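One file, data-v6.json, is given below (JSON, C-alpha atoms).
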```json
[["chain", "number", "residue", "atom", "x", "y", "z"],
["W", 8, "MET", "CA", 26.88, 82.73, 158.06],
["W", 9, "GLU", "CA", 25.14, 86.06, 158.49],
["W", 10, "ARG", "CA", 26.48, 88.38, 161.16],
["W", 11, "THR", "CA", 23.22, 88.24, 163.13],
["W", 12, "ALA", "CA", 22.42, 84.55, 162.61],
["W", 13, "ALA", "CA", 23.15, 81.98, 165.29],
["W", 14, "MET", "CA", 23.31, 78.29, 164.46],
["W", 15, "PRO", "CA", 22.39, 75.80, 167.20],
["W", 16, "LEU", "CA", 24.98, 73.05, 167.71],
["W", 17, "PRO", "CA", 24.19, 69.48, 168.80],
["W", 18, "ASP", "CA", 25.38, 70.05, 172.37],
["W", 19, "GLY", "CA", 23.01, 73.00, 172.93],
["W", 20, "THR", "CA", 25.58, 75.72, 172.29],
["W", 21, "LEU", "CA", 25.23, 78.36, 169.57],
["W", 22, "LEU", "CA", 27.66, 79.27, 166.80],
["W", 23, "ARG", "CA", 27.66, 82.80, 165.41],
["W", 24, "VAL", "CA", 29.88, 85.39, 163.81],
["W", 25, "ALA", "CA", 31.82, 87.34, 166.44],
["W", 26, "THR", "CA", 31.15, 91.00, 167.15],
["W", 27, "ALA", "CA", 33.21, 93.70, 168.85],
["W", 28, "ASP", "CA", 31.23, 93.03, 172.04],
["W", 29, "ASP", "CA", 32.84, 89.55, 172.17],
["W", 30, "ILE", "CA", 36.48, 90.66, 172.21],
["W", 31, "GLU", "CA", 37.16, 90.55, 175.95],
["W", 32, "ALA", "CA", 35.30, 87.25, 176.27],
["W", 33, "MET", "CA", 37.42, 85.80, 173.42],
["W", 34, "ARG", "CA", 40.58, 86.93, 175.22],
["W", 35, "ASP", "CA", 39.31, 85.25, 178.40],
["W", 36, "VAL", "CA", 38.61, 82.01, 176.51],
["W", 37, "GLU", "CA", 42.20, 82.10, 175.24],
["W", 38, "ARG", "CA", 43.56, 82.46, 178.77],
["W", 39, "ASP", "CA", 41.38, 79.61, 180.02],
["W", 40, "ALA", "CA", 42.16, 77.28, 177.10],
["W", 41, "GLY", "CA", 45.87, 77.90, 177.56],
["W", 42, "ARG", "CA", 45.72, 76.30, 181.01],
["W", 43, "ARG", "CA", 45.59, 72.94, 179.22],
["W", 44, "PHE", "CA", 49.33, 73.27, 178.59],
["W", 45, "LEU", "CA", 49.89, 73.09, 182.37],
["W", 46, "GLY", "CA", 49.14, 69.35, 182.11],
["W", 47, "PHE", "CA", 52.49, 68.69, 180.45],
["W", 48, "PRO", "CA", 55.72, 68.04, 182.38],
["W", 49, "ALA", "CA", 57.54, 71.28, 183.24],
["W", 50, "ASP", "CA", 60.64, 70.22, 181.29],
["W", 51, "THR", "CA", 58.71, 70.29, 177.99],
["W", 52, "GLY", "CA", 58.56, 74.09, 178.04],
["W", 53, "LEU", "CA", 54.82, 73.97, 177.34],
["W", 54, "HIS", "CA", 53.98, 75.50, 180.75],
["W", 55, "GLU", "CA", 55.23, 78.79, 179.33],
["W", 56, "ILE", "CA", 52.49, 78.66, 176.67],
["W", 57, "ALA", "CA", 49.86, 78.70, 179.43],
["W", 58, "ALA", "CA", 51.22, 82.06, 180.59],
["W", 59, "ASP", "CA", 51.14, 83.65, 177.12],
["W", 60, "ASP", "CA", 49.03, 86.74, 176.69],
["W", 61, "PRO", "CA", 45.90, 86.37, 174.58],
["W", 62, "PRO", "CA", 45.70, 88.18, 171.25],
["W", 63, "GLU", "CA", 45.49, 91.93, 171.58],
["W", 64, "ALA", "CA", 42.00, 93.41, 171.35],
["W", 65, "GLU", "CA", 43.00, 95.26, 168.16],
["W", 66, "VAL", "CA", 44.05, 91.99, 166.50],
["W", 67, "LEU", "CA", 40.72, 90.35, 167.31],
["W", 68, "ALA", "CA", 38.87, 93.48, 166.17],
["W", 69, "ALA", "CA", 40.62, 93.28, 162.80],
["W", 70, "HIS", "CA", 39.46, 89.67, 162.35],
["W", 71, "ILE", "CA", 35.93, 90.73, 163.28],
["W", 72, "ASP", "CA", 36.04, 93.66, 160.86],
["W", 73, "ASN", "CA", 37.14, 91.24, 158.12],
["W", 74, "ASP", "CA", 34.23, 88.88, 158.86],
["W", 75, "ALA", "CA", 36.75, 86.20, 159.83],
["W", 76, "ALA", "CA", 35.89, 85.55, 163.50],
["W", 77, "TRP", "CA", 33.35, 83.20, 165.04],
["W", 78, "VAL", "CA", 32.26, 82.39, 168.58],
["W", 79, "VAL", "CA", 30.40, 79.58, 170.26],
["W", 80, "THR", "CA", 28.21, 80.57, 173.19],
["W", 81, "ASP", "CA", 26.60, 78.57, 175.96],
["W", 82, "ALA", "CA", 23.78, 80.29, 177.84],
["W", 83, "GLY", "CA", 25.01, 83.58, 176.37],
["W", 84, "GLU", "CA", 28.65, 83.12, 177.50],
["W", 85, "VAL", "CA", 31.42, 82.87, 174.88],
["W", 86, "VAL", "CA", 33.03, 79.44, 175.39],
["W", 87, "ALA", "CA", 35.06, 79.12, 172.18],
["W", 88, "TYR", "CA", 36.25, 81.09, 169.19],
["W", 89, "ALA", "CA", 38.10, 80.87, 165.90],
["W", 90, "VAL", "CA", 39.78, 83.56, 163.82],
["W", 91, "ALA", "CA", 41.17, 83.38, 160.31],
["W", 92, "SER", "CA", 43.04, 85.52, 157.82],
["W", 93, "MET", "CA", 44.85, 85.26, 154.50],
["W", 94, "ILE", "CA", 48.50, 84.29, 154.10],
["W", 95, "ASP", "CA", 50.23, 83.62, 150.76],
["W", 96, "ASP", "CA", 46.93, 83.47, 148.85],
["W", 97, "ASP", "CA", 45.53, 80.79, 151.17],
["W", 98, "ALA", "CA", 43.14, 81.14, 154.04],
["W", 99, "HIS", "CA", 44.94, 80.79, 157.36],
["W", 100, "LEU", "CA", 43.48, 79.46, 160.60],
["W", 101, "ASP", "CA", 45.06, 81.80, 163.11],
["W", 102, "GLN", "CA", 43.47, 80.39, 166.24],
["W", 103, "VAL", "CA", 40.88, 78.00, 167.62],
["W", 104, "SER", "CA", 40.38, 78.09, 171.38],
["W", 105, "VAL", "CA", 37.82, 76.30, 173.53],
["W", 106, "ARG", "CA", 37.23, 76.94, 177.22],
["W", 107, "MET", "CA", 38.47, 73.98, 179.35],
["W", 108, "SER", "CA", 34.93, 73.26, 180.57],
["W", 109, "HIS", "CA", 33.75, 72.76, 176.97],
["W", 110, "GLN", "CA", 36.65, 70.78, 175.51],
["W", 111, "GLY", "CA", 36.02, 67.28, 174.22],
["W", 112, "ARG", "CA", 32.54, 68.11, 172.90],
["W", 113, "GLY", "CA", 33.44, 68.61, 169.23],
["W", 114, "ILE", "CA", 33.34, 72.41, 169.35],
["W", 115, "GLY", "CA", 36.91, 72.76, 168.08],
["W", 116, "THR", "CA", 36.11, 70.52, 165.11],
["W", 117, "ILE", "CA", 33.02, 72.55, 164.30],
["W", 118, "LEU", "CA", 35.06, 75.77, 164.36],
["W", 119, "VAL", "CA", 37.70, 74.26, 162.06],
["W", 120, "GLU", "CA", 34.96, 73.30, 159.61],
["W", 121, "VAL", "CA", 33.42, 76.79, 159.82],
["W", 122, "VAL", "CA", 36.78, 78.30, 158.86],
["W", 123, "CYS", "CA", 37.17, 75.82, 155.98],
["W", 124, "ASP", "CA", 33.62, 76.60, 154.77],
["W", 125, "TRP", "CA", 34.39, 80.34, 154.98],
["W", 126, "ALA", "CA", 37.58, 79.80, 152.97],
["W", 127, "SER", "CA", 35.71, 77.76, 150.34],
["W", 128, "SER", "CA", 33.05, 80.45, 150.05],
["W", 129, "LEU", "CA", 35.81, 82.93, 149.21],
["W", 130, "ASP", "CA", 37.34, 80.54, 146.65],
["W", 131, "PHE", "CA", 40.52, 79.85, 148.59],
["W", 132, "GLU", "CA", 42.19, 76.62, 147.52],
["W", 133, "ALA", "CA", 43.47, 75.71, 150.98],
["W", 134, "VAL", "CA", 43.65, 76.59, 154.66],
["W", 135, "SER", "CA", 47.02, 76.72, 156.40],
["W", 136, "LEU", "CA", 47.94, 76.87, 160.08],
["W", 137, "THR", "CA", 50.93, 76.58, 162.39],
["W", 138, "THR", "CA", 50.87, 74.37, 165.46],
["W", 139, "PHE", "CA", 52.82, 72.09, 167.78],
["W", 140, "ARG", "CA", 53.58, 68.85, 165.95],
["W", 141, "ASP", "CA", 53.27, 66.43, 168.88],
["W", 142, "VAL", "CA", 50.78, 68.04, 171.25],
["W", 143, "PRO", "CA", 47.67, 65.79, 170.95],
["W", 144, "PHE", "CA", 45.20, 68.69, 170.71],
["W", 145, "ASN", "CA", 47.39, 70.41, 168.10],
["W", 146, "GLY", "CA", 49.15, 68.53, 165.26],
["W", 147, "PRO", "CA", 47.34, 65.18, 165.66],
["W", 148, "PHE", "CA", 44.00, 66.99, 166.09],
["W", 149, "TYR", "CA", 44.43, 68.87, 162.81],
["W", 150, "ALA", "CA", 45.79, 65.80, 161.00],
["W", 151, "ALA", "CA", 42.59, 63.95, 161.91],
["W", 152, "ARG", "CA", 40.68, 66.81, 160.24],
["W", 153, "GLY", "CA", 42.49, 66.58, 156.91],
["W", 154, "PHE", "CA", 45.48, 68.87, 157.47],
["W", 155, "VAL", "CA", 48.89, 67.62, 156.35],
["W", 156, "GLU", "CA", 52.32, 68.79, 157.36],
["W", 157, "VAL", "CA", 54.05, 71.09, 154.86],
["W", 158, "ASP", "CA", 57.81, 71.54, 154.74],
["W", 159, "GLU", "CA", 58.59, 75.19, 155.54],
["W", 160, "ASP", "CA", 60.82, 75.35, 152.46],
["W", 161, "ARG", "CA", 57.68, 74.86, 150.36],
["W", 162, "CYS", "CA", 55.78, 77.68, 152.05],
["W", 163, "GLY", "CA", 55.31, 81.17, 150.71],
["W", 164, "ASP", "CA", 57.16, 84.20, 152.04],
["W", 165, "GLU", "CA", 54.38, 85.29, 154.41],
["W", 166, "LEU", "CA", 54.04, 81.89, 156.05],
["W", 167, "ARG", "CA", 57.81, 81.56, 156.45],
["W", 168, "SER", "CA", 57.82, 85.04, 157.98],
["W", 169, "LEU", "CA", 55.09, 83.98, 160.41],
["W", 170, "ARG", "CA", 57.18, 80.97, 161.47],
["W", 171, "ASP", "CA", 60.21, 83.25, 161.95],
["W", 172, "HIS", "CA", 58.06, 85.50, 164.15],
["W", 173, "GLU", "CA", 56.86, 82.52, 166.20],
["W", 174, "ARG", "CA", 60.46, 81.46, 166.76],
["W", 175, "TYR", "CA", 61.34, 85.04, 167.79],
["W", 176, "LEU", "CA", 58.48, 84.97, 170.32],
["W", 177, "GLY", "CA", 59.84, 81.75, 171.80],
["W", 178, "LEU", "CA", 56.97, 79.51, 170.75],
["W", 179, "ASP", "CA", 59.27, 76.73, 169.56],
["W", 180, "VAL", "CA", 59.58, 75.15, 173.02],
["W", 181, "GLN", "CA", 58.45, 71.97, 171.24],
["W", 182, "PRO", "CA", 58.58, 71.24, 167.50],
["W", 183, "ARG", "CA", 56.17, 73.42, 165.52],
["W", 184, "ILE", "CA", 54.94, 72.74, 162.02],
["W", 185, "VAL", "CA", 53.02, 74.27, 159.18],
["W", 186, "MET", "CA", 49.95, 72.32, 158.12],
["W", 187, "ARG", "CA", 47.64, 72.76, 155.14],
["W", 188, "ARG", "CA", 44.25, 71.38, 154.13],
["W", 189, "THR", "CA", 43.30, 71.48, 150.49],
["W", 190, "LEU", "CA", 39.67, 72.45, 149.94],
["W", 191, "ALA", "CA", 37.45, 70.63, 147.48]]
```

Step by step, read the file and then write its structure as structure tokens.
Amino acid sequence: MERTAAMPLPDGTLLRVATADDIEAMRDVERDAGRRFLGFPADTGLHEIAADDPPEAEVLAAHIDNDAAWVVTDAGEVVAYAVASMIDDDAHLDQVSVRMSHQGRGIGTILVEVVCDWASSLDFEAVSLTTFRDVPFNGPFYAARGFVEVDEDRCGDELRSLRDHERYLGLDVQPRIVMRRTLA
């Protein structure tokens, strides 16, 4: 997808490559999407995820500079985004976030497919990600889109290091897993 091109989606939104002008809107989408974790009982520890800070502006800028960031807009407002990178010679889906008002419309699925298409275009063999195993809009969502759980012992050094970092940050309030989708 060209940096300036926008692709209309079936629900009337537009998909395009992210630019530096989108960074604060992407951070706001992340904050809004995180509120979904407030729907879980307090004793699950998932409420803490809702309070997490969004990615730093510099982190999102690096994804944008690497042509690995996409946004979905509705009437000019950023309502969703995805960012990707490379880990252990695979593409890695770092984040997909959709504003609460736009969830359930297939936007997350479209962004996952955009990342997989991007990875294929760069000749990656697979896309990896880390996520909560049992949260319906995490592990089961990705499993329905062709991702399978990978034992951490079978992961490369960089992916194991990422999981160690997630544990250090306290993200393991519920079981987290590595998932991978092989690309055709």

May I have a table of the residues of segment 57-79 of chain W lying at most 12 Å from segment 175-182 of chain W, giving each one's closest pair of atoms and their distance in Å to one decimal, counting all atoms listed in the file, ordered by chain and ascending residue number, as CSV?
```
residue,atom,partner,partner_atom,distance
W:Ala57,CA,W:Leu178,CA,11.2
W:Ala58,CA,W:Leu178,CA,11.7
W:Asp59,CA,W:Leu178,CA,9.6
W:Asp60,CA,W:Leu176,CA,11.5
```

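Coordinates place atom CA of Pro17 of chain W at a distance of 16.8 Å from atom CA of Glu84 of chain W.
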
* Asked: Can you tell me, as an NGL selection string, what residues are no more than 8 Å from segment 73-76 of chain W when counting all atoms listed in the file, ignoring any on the same chain fewer than 2 positions away?
  -> :W and (24-25 or 67 or 69-71 or 78 or 88-92 or 122 or 125)

* Neighbours of segment 147-150 of chain W within 12 Å (only C-alpha atoms; same-chain residues fewer than 2 positions away dropped), as number ranges by chain? -> W: 100, 103, 111, 113, 115-116, 118-120, 134-145, 152-157, 184-188

Draw an axis-aligned box tight on the listed atoms of segment 110-126 of chain W, then pad every side by 3 Å and write out centre and edge lengths in Å to one decimal as AutoDock Vina command-line options.
```
--center_x 35.1 --center_y 73.8 --center_z 164.2 --size_x 11.2 --size_y 19.1 --size_z 28.5
```

* To do: Name all residues at most 10 Å from Gln110 of chain W (count all atoms listed in the file; drop same-chain ones fewer than 5 positions away) and give them as a count of residues only.
  => 7

* Could you please determine the separation between atom CA of Glu31 of chain W and atom CA of Asp81 of chain W in Å, to one decimal place? =>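 Pair atom CA of Glu31 of chain W / atom CA of Asp81 of chain W returns 16.0 Å.
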
* To do: Record the distance separating atom CA of Leu166 of chain W and atom CA of Pro48 of chain W, expressed in Å with one decimal.
  =>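 For atom CA of Leu166 of chain W relative to atom CA of Pro48 of chain W, the distance reads 29.8 Å.
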
* Asked: Which residue, W:Glu159, W:Arg183, W:Glu55, W:Asp95, has the smallest gap to Gly146 of chain W when you use all atoms listed in the file?
  ->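 When distances to Gly146 of chain W are compared using all atoms listed in the file, the smallest one comes from W:Arg183.
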
* Nearest to Met14 of chain W, chosen from W:Trp77, W:Ala191, W:Ser128, W:Arg167, with only C-alpha atoms counted in the distances ->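 Closest residue, counting only C-alpha atoms: W:Trp77.
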
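If all atoms listed in the file are the atoms counted, then among W:Ile30, W:Val36, W:Leu45, W:Ala82 the closest residue to Val66 of chain W is W:Ile30.
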
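If you measure from each of W:Arg112, W:His99, W:Arg161, W:Arg38 to Asp18 of chain W using all atoms listed in the file, the closest one turns out to be W:Arg112.
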